[in-house]
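Structure record follows, encoded as structure tokens.
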Number of protein chains: 6
Amino acid sequence: MATVRLLSDAEAEAIPAVKAVFDDIRATRKTDFINNFWRGLANDPAALKHTWESLKDAMTGDTALPPKVQEMIYIAVSSANACTYCIHSHTAAAKAKGMTDAEYAELVKLIGLAGQTNHMVTAMQIPVDEAFLVES
Amino acid sequence: MATVRLLSDAEAEAIPAVKAVFDDIRATRKTDFINNFWRGLANDPAALKHTWESLKDAMTGDTALPPKVQEMIYIAVSSANACTYCIHSHTAAAKAKGMTDAEYAELVKLIGLAGQTNHMVTAMQIPVDEAFLVES
Amino acid sequence: MATVRLLSDAEAEAIPAVKAVFDDIRATRKTDFINNFWRGLANDPAALKHTWESLKDAMTGDTALPPKVQEMIYIAVSSANACTYCIHSHTAAAKAKGMTDAEYAELVKLIGLAGQTNHMVTAMQIPVDEAFLVES
Amino acid sequence: MATVRLLSDAEAEAIPAVKAVFDDIRATRKTDFINNFWRGLANDPAALKHTWESLKDAMTGDTALPPKVQEMIYIAVSSANACTYCIHSHTAAAKAKGMTDAEYAELVKLIGLAGQTNHMVTAMQIPVDEAFLVES
Amino acid sequence: MATVRLLSDAEAEAIPAVKAVFDDIRATRKTDFINNFWRGLANDPAALKHTWESLKDAMTGDTALPPKVQEMIYIAVSSANACTYCIHSHTAAAKAKGMTDAEYAELVKLIGLAGQTNHMVTAMQIPVDEAFLVES
Amino acid sequence: MATVRLLSDAEAEAIPAVKAVFDDIRATRKTDFINNFWRGLANDPAALKHTWESLKDAMTGDTALPPKVQEMIYIAVSSANACTYCIHSHTAAAKAKGMTDAEYAELVKLIGLAGQTNHMVTAMQIPVDEAFLVES
């Protein structure tokens, strides 16, 4: 269904630049599982490396937000963008990182409320209050 | 610039159903300030009451997520939906509820990363991994 | 603020292909007013002619939906697409074609509800019920 | 395929707050059929109740717009938001409420035209005509 | 899965206005293949004719941009709009018109980067530099 | 109007990590002009550096697509995402890199057509033809 081929493990092993990223994904995430996004992106080894490093840098190590909150923000953007794959992968990740059922229910509710008020505000073209503007 | 009139305090006072909501917003938020969204929505007092009660219910009291995280999720959805007003109002609210500069910088970075991978995944039409599917 | 020049009446008069469309807009709409969309599009006279004819064909004459309903559908799509100009122009048109305050208030409410349930459905990736599928 | 479980009738029966909403949906719509959106939302009984009541309030009883027009507005927003489920469910509902083939064909045409002019206007960043602004 | 029936060749043959467009598509594209978009749109023969003529006019003959670049622009818009069908059909077309693997990889990268900076700029509500404004 | 402060030259000079990027932007682009995106992003020097390097890497040096085509793809995505700032900055860049008036007019037309067919396809939920699927 993809517009690109999804590289198998054997194919990934045969391209050193891809193998290096797949090895790092496995080591960082402590799992053998490589999800389809990386298998599709592996058609462009430089983009694979760059995108993985951006995500690794942003979402591991010493972050300002807890990992589960990071994933919830990802779900929020992905829902507004209607990215089916992204919603599935980040919902699985958020659960794996400790998102509770109550937090998930609240997230869905907030995404819905934001969708509602975003659409109403835009339909009415409400002007920004001066009180909200940053001094610069 | 709005497609609706923004009700002044005097106009709001004159409509009991609007006055009641404005009073509750002021009491709940402990401030006299009523932002333009409510002033525009006040053209439809029933929608004003219903929308305010939804937001009050979701974002005050005993919530599963900390208030500042709720506001950050709101910013994330509003950015993907390009809702200028919503971004300004919820960024102000998130700061008022304790979002630090480091958390905000990370939020902007994550919104950007989600935009990037959402678009790449969609362009390549990556199929959802079976591992991400919920049993039902 | 546009990325294109907006043609003045004098400039439009000087280009026969533009003048012909502007004349037809004025005759069809029974007004001298030419809004900025057409003045910007006039930089490409062929696109101007084609786009105007599509709109004229769809929204005048013997239509299946009443003119005010057509404009309300336009507002709905434009709100979801966050097109400020389009929201303003079609809200003005809908009012000119008879949209009442009650209908407008209901439109804003429905746009908000659709935004809310669209976002919730997408966040939860609800599968389509078989009952909704068309036989083909 | 959902990120949530879709509650079966037996599971819904076992949760009084869910059973009450499902009963009301069935009574209001005069059918036994409960579509998947409600079955997924039932994981959060409070959100189920609130969302159902919002929709019931907006789309039944004494509305300003005819029911089929309400559904067409819903289809318009859902198409712009690329919400597959919502498009299917509201297209089925619009047909059930009397949308004719000619009206549906016109709706699809208008959604397409709005998509076209929304994108062109945004690409050219056309400024809003003063004539369109509401006095406030 | 569609909300409309997809007309078979036999059905298309039986409606002169549809047959004429299908014949022109086949002659213009030098192939017997008629893709599903046209089969769905054929439910409204006038919209079928008008949409085909717009596309034929824009994308064949003496164009300012090379055909493969036109298709890449189409992929870019379709990715941002999350239109699965459109992404598949225009990716196939771009390849058929000579898009190389390197060009496609760069396209996906650029779509991702644009998604990223679009989201960051919107989240931060960066004001347009005066230097970018067109004189009008 | 931004939600962040836009760093002045003096402020940028005072932060070595920001100064280094601004110097590189100036040297790469052979101009003293630093546009507001970078001044806003400079609040997070690490994100500034990373985003600049991604863009520099993608859009300078030995690219698969001509620079003006890259900018046109950027305009296409930005229009679909309704990113005002991005549309202005990349339209200015495309013109600076040689985009002709005829190419720009065709770009706007194509963005419009893609918006139109994206919306129609989505409204009708047209299924992907098997012929478009990649073997994997």
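Chain lettering (A, B, ...) mirrors the order of the structure tokens, residue numbering begins at 1 for each chain separately, and ligand numbering begins at 1 in order of display.
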Transformed chain C, reference chain F, full Cα set in order, as a compact mmCIF listing (two decimals) with N, CA and C atoms, in the first residue's frame:
```txt
# COMPACT_ATOMS: atom_id res chain seq x y z
N MET C 1 3.35 40.22 17.36
CA MET C 1 2.31 39.25 17.02
C MET C 1 2.80 37.81 17.25
N ALA C 2 4.14 37.60 17.28
CA ALA C 2 4.65 36.26 17.54
C ALA C 2 4.40 35.88 19.00
N THR C 3 4.47 34.59 19.28
CA THR C 3 4.36 34.14 20.67
C THR C 3 5.75 34.07 21.30
N VAL C 4 6.76 34.40 20.51
CA VAL C 4 8.15 34.43 21.01
C VAL C 4 8.76 35.78 20.65
N ARG C 5 9.85 36.13 21.35
CA ARG C 5 10.55 37.35 20.98
C ARG C 5 11.40 37.07 19.75
N LEU C 6 11.51 38.06 18.88
CA LEU C 6 12.37 37.94 17.70
C LEU C 6 13.70 38.59 18.06
N LEU C 7 14.78 37.82 18.08
CA LEU C 7 16.05 38.37 18.53
C LEU C 7 16.61 39.40 17.56
N SER C 8 17.04 40.52 18.13
CA SER C 8 17.69 41.57 17.33
C SER C 8 19.11 41.11 17.00
N ASP C 9 19.77 41.84 16.11
CA ASP C 9 21.16 41.50 15.79
C ASP C 9 22.04 41.58 17.04
N ALA C 10 21.81 42.60 17.87
CA ALA C 10 22.63 42.75 19.07
C ALA C 10 22.46 41.54 20.00
N GLU C 11 21.21 41.11 20.16
CA GLU C 11 20.97 39.96 21.03
C GLU C 11 21.59 38.69 20.44
N ALA C 12 21.48 38.55 19.14
CA ALA C 12 22.05 37.37 18.49
C ALA C 12 23.57 37.34 18.64
N GLU C 13 24.17 38.51 18.52
CA GLU C 13 25.63 38.59 18.65
C GLU C 13 26.11 38.11 20.02
N ALA C 14 25.25 38.32 21.02
CA ALA C 14 25.65 38.05 22.40
C ALA C 14 25.58 36.56 22.77
N ILE C 15 24.97 35.76 21.90
CA ILE C 15 24.86 34.32 22.18
C ILE C 15 25.68 33.58 21.13
N PRO C 16 26.83 33.05 21.51
CA PRO C 16 27.72 32.46 20.50
C PRO C 16 27.05 31.41 19.60
N ALA C 17 26.22 30.57 20.16
CA ALA C 17 25.60 29.51 19.34
C ALA C 17 24.64 30.11 18.31
N VAL C 18 24.03 31.24 18.65
CA VAL C 18 23.13 31.92 17.70
C VAL C 18 23.96 32.67 16.67
N LYS C 19 24.97 33.37 17.16
CA LYS C 19 25.83 34.14 16.25
C LYS C 19 26.42 33.22 15.16
N ALA C 20 26.83 32.03 15.55
CA ALA C 20 27.45 31.11 14.59
C ALA C 20 26.47 30.75 13.47
N VAL C 21 25.23 30.52 13.83
CA VAL C 21 24.24 30.16 12.81
C VAL C 21 23.92 31.37 11.93
N PHE C 22 23.72 32.51 12.56
CA PHE C 22 23.41 33.72 11.78
C PHE C 22 24.56 34.02 10.80
N ASP C 23 25.78 33.86 11.27
CA ASP C 23 26.92 34.09 10.38
C ASP C 23 26.87 33.12 9.19
N ASP C 24 26.53 31.87 9.47
CA ASP C 24 26.50 30.88 8.39
C ASP C 24 25.35 31.15 7.41
N ILE C 25 24.20 31.58 7.94
CA ILE C 25 23.07 31.95 7.05
C ILE C 25 23.52 33.08 6.12
N ARG C 26 24.18 34.09 6.72
CA ARG C 26 24.61 35.24 5.90
C ARG C 26 25.64 34.83 4.85
N ALA C 27 26.57 33.97 5.24
CA ALA C 27 27.61 33.55 4.29
C ALA C 27 27.01 32.67 3.19
N THR C 28 26.14 31.76 3.58
CA THR C 28 25.56 30.83 2.61
C THR C 28 24.68 31.56 1.60
N ARG C 29 23.88 32.48 2.11
CA ARG C 29 22.92 33.19 1.26
C ARG C 29 23.49 34.46 0.63
N LYS C 30 24.70 34.79 1.01
CA LYS C 30 25.35 35.98 0.45
C LYS C 30 24.49 37.24 0.62
N THR C 31 23.97 37.43 1.82
CA THR C 31 23.16 38.61 2.15
C THR C 31 23.24 38.85 3.65
N ASP C 32 23.05 40.10 4.06
CA ASP C 32 23.03 40.41 5.49
C ASP C 32 21.68 40.12 6.14
N PHE C 33 20.69 39.94 5.30
CA PHE C 33 19.31 39.82 5.77
C PHE C 33 19.07 38.47 6.48
N ILE C 34 18.57 38.56 7.71
CA ILE C 34 18.16 37.36 8.47
C ILE C 34 16.66 37.48 8.68
N ASN C 35 15.89 36.56 8.13
CA ASN C 35 14.43 36.72 8.25
C ASN C 35 13.90 36.25 9.60
N ASN C 36 12.68 36.68 9.90
CA ASN C 36 12.12 36.52 11.24
C ASN C 36 12.05 35.09 11.75
N PHE C 37 11.89 34.12 10.86
CA PHE C 37 11.82 32.73 11.31
C PHE C 37 13.05 32.39 12.16
N TRP C 38 14.23 32.75 11.66
CA TRP C 38 15.46 32.44 12.39
C TRP C 38 15.56 33.26 13.67
N ARG C 39 15.05 34.51 13.65
CA ARG C 39 15.09 35.36 14.84
C ARG C 39 14.18 34.80 15.94
N GLY C 40 13.08 34.19 15.55
CA GLY C 40 12.20 33.57 16.55
C GLY C 40 12.78 32.24 17.04
N LEU C 41 13.27 31.46 16.11
CA LEU C 41 13.82 30.15 16.45
C LEU C 41 15.07 30.28 17.32
N ALA C 42 15.71 31.46 17.27
CA ALA C 42 16.95 31.67 18.02
C ALA C 42 16.74 31.62 19.52
N ASN C 43 15.49 31.64 19.97
CA ASN C 43 15.23 31.44 21.40
C ASN C 43 15.68 30.05 21.85
N ASP C 44 15.80 29.14 20.92
CA ASP C 44 16.26 27.77 21.21
C ASP C 44 17.46 27.51 20.29
N PRO C 45 18.66 27.89 20.72
CA PRO C 45 19.83 27.81 19.83
C PRO C 45 20.06 26.43 19.22
N ALA C 46 19.78 25.37 19.97
CA ALA C 46 19.99 24.03 19.41
C ALA C 46 19.01 23.76 18.26
N ALA C 47 17.75 24.15 18.44
CA ALA C 47 16.77 23.97 17.37
C ALA C 47 17.12 24.85 16.17
N LEU C 48 17.61 26.04 16.44
CA LEU C 48 18.04 26.95 15.37
C LEU C 48 19.11 26.28 14.51
N LYS C 49 20.13 25.76 15.17
CA LYS C 49 21.25 25.13 14.47
C LYS C 49 20.76 23.91 13.68
N HIS C 50 19.97 23.08 14.33
CA HIS C 50 19.53 21.85 13.68
C HIS C 50 18.64 22.13 12.47
N THR C 51 17.71 23.07 12.63
CA THR C 51 16.77 23.36 11.54
C THR C 51 17.50 24.02 10.37
N TRP C 52 18.39 24.93 10.69
CA TRP C 52 19.15 25.58 9.62
C TRP C 52 20.00 24.55 8.85
N GLU C 53 20.63 23.66 9.58
CA GLU C 53 21.47 22.66 8.90
C GLU C 53 20.64 21.72 8.03
N SER C 54 19.44 21.38 8.48
CA SER C 54 18.56 20.53 7.65
C SER C 54 18.21 21.24 6.35
N LEU C 55 17.81 22.50 6.48
CA LEU C 55 17.42 23.26 5.29
C LEU C 55 18.62 23.49 4.36
N LYS C 56 19.74 23.85 4.96
CA LYS C 56 20.94 24.10 4.17
C LYS C 56 21.34 22.84 3.41
N ASP C 57 21.30 21.72 4.11
CA ASP C 57 21.68 20.45 3.51
C ASP C 57 20.72 20.08 2.37
N ALA C 58 19.42 20.33 2.59
CA ALA C 58 18.43 19.91 1.58
C ALA C 58 18.40 20.83 0.37
N MET C 59 18.65 22.12 0.59
CA MET C 59 18.33 23.09 -0.44
C MET C 59 19.53 23.82 -1.04
N THR C 60 20.73 23.42 -0.64
CA THR C 60 21.90 24.01 -1.30
C THR C 60 22.80 22.88 -1.78
N GLY C 61 23.80 23.24 -2.51
CA GLY C 61 24.76 22.24 -2.99
C GLY C 61 24.19 21.43 -4.14
N ASP C 62 24.49 20.15 -4.14
CA ASP C 62 24.19 19.28 -5.27
C ASP C 62 22.82 18.63 -5.09
N THR C 63 21.76 19.34 -5.52
CA THR C 63 20.41 18.83 -5.31
C THR C 63 19.88 18.14 -6.57
N ALA C 64 18.91 17.26 -6.37
CA ALA C 64 18.31 16.55 -7.51
C ALA C 64 17.38 17.45 -8.30
N LEU C 65 16.73 18.38 -7.61
CA LEU C 65 15.78 19.28 -8.25
C LEU C 65 16.37 20.68 -8.32
N PRO C 66 16.04 21.45 -9.35
CA PRO C 66 16.53 22.83 -9.43
C PRO C 66 16.01 23.65 -8.24
N PRO C 67 16.80 24.59 -7.74
CA PRO C 67 16.39 25.40 -6.58
C PRO C 67 15.00 26.01 -6.70
N LYS C 68 14.66 26.52 -7.89
CA LYS C 68 13.33 27.16 -7.99
C LYS C 68 12.22 26.12 -7.86
N VAL C 69 12.47 24.91 -8.32
CA VAL C 69 11.45 23.86 -8.17
C VAL C 69 11.32 23.46 -6.71
N GLN C 70 12.42 23.40 -6.01
CA GLN C 70 12.36 23.12 -4.57
C GLN C 70 11.48 24.14 -3.86
N GLU C 71 11.68 25.41 -4.18
CA GLU C 71 10.89 26.46 -3.54
C GLU C 71 9.41 26.35 -3.92
N MET C 72 9.13 25.94 -5.14
CA MET C 72 7.73 25.80 -5.57
C MET C 72 7.04 24.66 -4.81
N ILE C 73 7.78 23.59 -4.55
CA ILE C 73 7.22 22.49 -3.75
C ILE C 73 6.94 23.00 -2.33
N TYR C 74 7.84 23.81 -1.82
CA TYR C 74 7.64 24.40 -0.50
C TYR C 74 6.38 25.27 -0.48
N ILE C 75 6.19 26.07 -1.51
CA ILE C 75 4.98 26.91 -1.59
C ILE C 75 3.72 26.04 -1.62
N ALA C 76 3.79 24.93 -2.36
CA ALA C 76 2.63 24.06 -2.49
C ALA C 76 2.22 23.49 -1.13
N VAL C 77 3.19 22.96 -0.39
CA VAL C 77 2.87 22.41 0.94
C VAL C 77 2.39 23.52 1.87
N SER C 78 3.05 24.66 1.83
CA SER C 78 2.71 25.77 2.73
C SER C 78 1.31 26.32 2.45
N SER C 79 0.90 26.29 1.19
CA SER C 79 -0.45 26.76 0.84
C SER C 79 -1.49 25.80 1.41
N ALA C 80 -1.24 24.49 1.25
CA ALA C 80 -2.19 23.52 1.79
C ALA C 80 -2.25 23.60 3.31
N ASN C 81 -1.15 23.96 3.94
CA ASN C 81 -1.11 24.09 5.40
C ASN C 81 -1.50 25.48 5.88
N ALA C 82 -1.83 26.39 4.95
CA ALA C 82 -2.25 27.74 5.32
C ALA C 82 -1.23 28.45 6.19
N CYS C 83 0.05 28.31 5.84
CA CYS C 83 1.13 28.97 6.61
C CYS C 83 1.51 30.28 5.91
N THR C 84 0.89 31.36 6.35
CA THR C 84 1.08 32.68 5.75
C THR C 84 2.55 33.06 5.63
N TYR C 85 3.26 32.96 6.72
CA TYR C 85 4.68 33.34 6.71
C TYR C 85 5.45 32.54 5.66
N CYS C 86 5.22 31.24 5.66
CA CYS C 86 5.97 30.33 4.79
C CYS C 86 5.67 30.63 3.32
N ILE C 87 4.43 30.93 3.02
CA ILE C 87 4.05 31.25 1.64
C ILE C 87 4.81 32.51 1.19
N HIS C 88 4.81 33.53 2.05
CA HIS C 88 5.50 34.77 1.68
C HIS C 88 7.00 34.53 1.50
N SER C 89 7.62 33.84 2.44
CA SER C 89 9.08 33.72 2.38
C SER C 89 9.51 32.84 1.21
N HIS C 90 8.78 31.76 0.94
CA HIS C 90 9.20 30.87 -0.15
C HIS C 90 8.79 31.42 -1.52
N THR C 91 7.75 32.24 -1.58
CA THR C 91 7.44 32.88 -2.86
C THR C 91 8.53 33.88 -3.21
N ALA C 92 8.97 34.64 -2.21
CA ALA C 92 10.08 35.57 -2.45
C ALA C 92 11.33 34.80 -2.88
N ALA C 93 11.60 33.67 -2.22
CA ALA C 93 12.79 32.89 -2.55
C ALA C 93 12.69 32.29 -3.96
N ALA C 94 11.52 31.79 -4.30
CA ALA C 94 11.35 31.18 -5.63
C ALA C 94 11.59 32.22 -6.72
N LYS C 95 11.07 33.43 -6.50
CA LYS C 95 11.30 34.49 -7.49
C LYS C 95 12.79 34.83 -7.58
N ALA C 96 13.44 34.90 -6.42
CA ALA C 96 14.87 35.22 -6.41
C ALA C 96 15.69 34.14 -7.12
N LYS C 97 15.15 32.92 -7.13
CA LYS C 97 15.88 31.81 -7.75
C LYS C 97 15.44 31.56 -9.18
N GLY C 98 14.64 32.49 -9.75
CA GLY C 98 14.37 32.41 -11.17
C GLY C 98 12.99 31.97 -11.61
N MET C 99 12.06 31.77 -10.66
CA MET C 99 10.70 31.39 -11.07
C MET C 99 10.11 32.50 -11.93
N THR C 100 9.64 32.16 -13.13
CA THR C 100 9.05 33.17 -14.02
C THR C 100 7.59 33.42 -13.64
N ASP C 101 7.03 34.49 -14.20
CA ASP C 101 5.62 34.78 -13.98
C ASP C 101 4.74 33.64 -14.50
N ALA C 102 5.11 33.08 -15.63
CA ALA C 102 4.31 31.99 -16.20
C ALA C 102 4.37 30.75 -15.31
N GLU C 103 5.55 30.47 -14.77
CA GLU C 103 5.67 29.32 -13.86
C GLU C 103 4.88 29.55 -12.58
N TYR C 104 4.91 30.77 -12.08
CA TYR C 104 4.17 31.06 -10.86
C TYR C 104 2.66 30.95 -11.10
N ALA C 105 2.20 31.48 -12.22
CA ALA C 105 0.77 31.38 -12.55
C ALA C 105 0.36 29.91 -12.66
N GLU C 106 1.24 29.10 -13.25
CA GLU C 106 0.91 27.68 -13.37
C GLU C 106 0.92 27.00 -12.00
N LEU C 107 1.85 27.40 -11.15
CA LEU C 107 1.90 26.84 -9.79
C LEU C 107 0.59 27.12 -9.04
N VAL C 108 0.13 28.38 -9.08
CA VAL C 108 -1.11 28.73 -8.39
C VAL C 108 -2.28 27.91 -8.96
N LYS C 109 -2.28 27.76 -10.27
CA LYS C 109 -3.36 26.97 -10.90
C LYS C 109 -3.32 25.52 -10.45
N LEU C 110 -2.11 24.94 -10.39
CA LEU C 110 -1.98 23.54 -9.98
C LEU C 110 -2.33 23.34 -8.51
N ILE C 111 -1.93 24.29 -7.68
CA ILE C 111 -2.29 24.20 -6.25
C ILE C 111 -3.82 24.22 -6.12
N GLY C 112 -4.46 25.07 -6.91
CA GLY C 112 -5.93 25.12 -6.91
C GLY C 112 -6.55 23.82 -7.40
N LEU C 113 -6.04 23.28 -8.48
CA LEU C 113 -6.58 22.03 -9.03
C LEU C 113 -6.38 20.88 -8.04
N ALA C 114 -5.21 20.83 -7.43
CA ALA C 114 -4.95 19.77 -6.46
C ALA C 114 -5.92 19.91 -5.27
N GLY C 115 -6.12 21.15 -4.82
CA GLY C 115 -7.08 21.38 -3.75
C GLY C 115 -8.47 20.89 -4.14
N GLN C 116 -8.84 21.16 -5.38
CA GLN C 116 -10.17 20.75 -5.85
C GLN C 116 -10.30 19.22 -5.93
N THR C 117 -9.37 18.57 -6.61
CA THR C 117 -9.53 17.12 -6.76
C THR C 117 -9.25 16.39 -5.44
N ASN C 118 -8.33 16.89 -4.61
CA ASN C 118 -8.15 16.30 -3.27
C ASN C 118 -9.49 16.29 -2.51
N HIS C 119 -10.17 17.41 -2.52
CA HIS C 119 -11.43 17.51 -1.76
C HIS C 119 -12.52 16.62 -2.36
N MET C 120 -12.60 16.57 -3.69
CA MET C 120 -13.64 15.74 -4.32
C MET C 120 -13.36 14.25 -4.07
N VAL C 121 -12.11 13.85 -4.24
CA VAL C 121 -11.74 12.45 -4.01
C VAL C 121 -12.03 12.05 -2.57
N THR C 122 -11.70 12.95 -1.65
CA THR C 122 -11.91 12.63 -0.24
C THR C 122 -13.41 12.59 0.07
N ALA C 123 -14.16 13.52 -0.48
CA ALA C 123 -15.61 13.54 -0.25
C ALA C 123 -16.26 12.25 -0.76
N MET C 124 -15.76 11.74 -1.88
CA MET C 124 -16.35 10.52 -2.46
C MET C 124 -15.63 9.25 -1.99
N GLN C 125 -14.53 9.42 -1.24
CA GLN C 125 -13.79 8.28 -0.70
C GLN C 125 -13.46 7.25 -1.79
N ILE C 126 -12.88 7.76 -2.88
CA ILE C 126 -12.51 6.90 -4.01
C ILE C 126 -11.42 5.91 -3.59
N PRO C 127 -11.61 4.62 -3.83
CA PRO C 127 -10.57 3.64 -3.46
C PRO C 127 -9.40 3.66 -4.46
N VAL C 128 -8.21 3.40 -3.95
CA VAL C 128 -7.01 3.40 -4.78
C VAL C 128 -7.07 2.27 -5.81
N ASP C 129 -6.80 2.59 -7.06
CA ASP C 129 -6.73 1.58 -8.11
C ASP C 129 -5.56 0.63 -7.84
N GLU C 130 -5.76 -0.64 -8.13
CA GLU C 130 -4.67 -1.61 -7.92
C GLU C 130 -3.45 -1.25 -8.76
N ALA C 131 -3.71 -0.68 -9.91
CA ALA C 131 -2.61 -0.35 -10.82
C ALA C 131 -1.62 0.65 -10.22
N PHE C 132 -2.07 1.39 -9.19
CA PHE C 132 -1.20 2.41 -8.61
C PHE C 132 -0.31 1.86 -7.48
N LEU C 133 -0.59 0.62 -7.05
CA LEU C 133 0.13 0.12 -5.88
C LEU C 133 1.52 -0.37 -6.24
N VAL C 134 2.46 -0.08 -5.38
CA VAL C 134 3.84 -0.51 -5.54
C VAL C 134 3.96 -1.95 -5.09
N GLU C 135 4.70 -2.74 -5.81
CA GLU C 135 4.97 -4.11 -5.34
C GLU C 135 5.97 -4.03 -4.20
N SER C 136 5.72 -4.81 -3.17
CA SER C 136 6.67 -4.80 -2.05
C SER C 136 6.87 -6.21 -1.50
```
>> Could you pull out the helix (DSSP H, G or I) residues of stretch 16-125 of chain A, going by DSSP on the backbone, and write them as a PyMOL selection string?
In response: chain A and resi 16-29+36-41+45-59+67-80+84-96+101-124
